[in-house]
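K.L.:
Dropping a structure here in structure tokens format, bear with me for questions.
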Number of protein chains: 2
Amino acid sequence: MAEQTKTFDVIFEGTGTASGKMRNDIHVTWPMMKESFDLATDEGPFHGGDGTAPPPLALFTAALTGCLMTQIRAFAKRLKIDIGEVKVNARLHWKGDVDLDSGATPEDQARLLDAARKGCFIETTLAQGLTVGHRLRIGEAWQEA
Amino acid sequence: MAEQTKTFDVIFEGTGTASGKMRNDIHVTWPMMKESFDLATDEGPFHGGDGTAPPPLALFTAALTGCLMTQIRAFAKRLKIDIGEVKVNARLHWKGDVDLDSGATPEDQARLLDAARKGCFIETTLAQGLTVGHRLRIGEAWQEA
């Protein structure tokens, strides 16, 4: 069969509603597949939440880990590479800054959004661009891949 | 109080184990907070899975939406901006390429990983860098923010 390349679009939509102190209920839809998923995030007591759901960065870690694992299996099938058991260990490391001023004056909504987007590690990660490093264990040795 | 800036590290770790046809069980830990979360991803029947959990991109959508909402609330408190109800609508749009060759020859693990990482929308998104656009609804009108 001749090789063909076809471009496709993948669109996900999320609608988040604040519920509880720091909990967000997020309805995620994948219109093309007519699928939807009810997910939630929360923060632990240390960050003012009730710990009713994982924090956003936990979902992010699972998303990245799961996405790579899924692709490994999908491509193993397509490339006919026998892979046996698949196990992926991921370590995500963010560095943040917090300024400890205590008497900020009220500002407009735009300033709040600006602060929030800068405070959002996920958005900042997306904005900066990030190369994900990988290693493969070949026998007993780890090799950069 | 004088303003002070302090840098901190946030580290999440994920260990993914393949289970089921396309299901991945991902144990996520946040060592600093001594918290852990058991999450999972799967694909629907169309992509060879059993639909037992949301696909990775759904977790990613929830993570991004939830992270921004959490930061909006956290900064609203710190900046003393009254925000009332918070609702965020997110739309994530990826474009993919799939090549439809049918007779790929067996290759080594490195080639598989290379294909998988290129197939992983989340990793590709991270690598490219992505500016997230925002709009605020001020009264009835939407404004770019």
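Residues in the structure tokens are numbered from 1 in each chain, the chains being A, B, ... in the order shown, and ligands are numbered from 1 in the order shown.
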Do you know which residues are at most 10 Å from A:Val88 counting only C-alpha atoms, after dropping those on the same chain fewer than 4 positions away, and could you put them as a list in words?
P.N.:
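The contact residues come out as Thr65, Gly66, Leu68, Met69, His134, Arg135 and Leu136 of chain A; Gly14, Thr15, Gly16, Thr17, Ala18, Asn24 and Ile26 of chain B.
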K.L.:
Restricting the calculation to only C-alpha atoms, which member of A:Thr61, A:Thr125, A:Ser19, A:Gln71 is positioned closest to B:Ala40?
P.N.:
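Of the candidates, the smallest distance to B:Ala40 is held by A:Thr61.
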K.L.:
Check the smallest atom-to-atom distance from each of A:Gly48, A:Met33, A:Ala63, A:Asp38 to chain B using only C-alpha atoms, then report the winner.
P.N.:
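Counting only C-alpha atoms, the residue closest to chain B is A:Ala63.
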K.L.:
Any idea what's packed within 7 Å of stretch 43-46 of chain A, counting only C-alpha atoms, ignoring anything in its chain fewer than 4 positions away? Could you give it as a PyMOL selection string?
P.N.:
chain A and resi 22-23+50-51+54-55
K.L.:
Please save N, CA, C and O atoms of the selected residues as an mmCIF file, in the first residue's frame.
P.N.:
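Produced file out.cif, reproduced below:
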data_model
loop_
_atom_site.group_PDB
_atom_site.id
_atom_site.type_symbol
_atom_site.label_atom_id
_atom_site.label_comp_id
_atom_site.auth_asym_id
_atom_site.auth_seq_id
_atom_site.Cartn_x
_atom_site.Cartn_y
_atom_site.Cartn_z
ATOM 1 N N MET A 22 -11.759 25.146 47.012
ATOM 2 C CA MET A 22 -10.808 25.189 45.903
ATOM 3 C C MET A 22 -11.130 24.123 44.856
ATOM 4 O O MET A 22 -10.375 23.918 43.914
ATOM 5 N N ARG A 23 -12.246 23.443 45.036
ATOM 6 C CA ARG A 23 -12.592 22.387 44.101
ATOM 7 C C ARG A 23 -13.143 22.970 42.804
ATOM 8 O O ARG A 23 -13.891 23.943 42.802
ATOM 9 N N ASP A 50 -10.184 21.100 50.219
ATOM 10 C CA ASP A 50 -10.684 20.007 51.059
ATOM 11 C C ASP A 50 -10.145 18.638 50.633
ATOM 12 O O ASP A 50 -10.572 17.616 51.166
ATOM 13 N N GLY A 51 -9.255 18.618 49.649
ATOM 14 C CA GLY A 51 -8.667 17.346 49.223
ATOM 15 C C GLY A 51 -9.663 16.352 48.658
ATOM 16 O O GLY A 51 -9.464 15.141 48.774
ATOM 17 N N PRO A 54 -7.759 15.143 43.064
ATOM 18 C CA PRO A 54 -6.326 15.434 42.901
ATOM 19 C C PRO A 54 -6.112 16.890 42.479
ATOM 20 O O PRO A 54 -6.975 17.482 41.843
ATOM 21 N N PRO A 55 -4.958 17.449 42.786
ATOM 22 C CA PRO A 55 -4.650 18.790 42.288
ATOM 23 C C PRO A 55 -4.398 18.753 40.772
ATOM 24 O O PRO A 55 -4.088 17.702 40.221
#
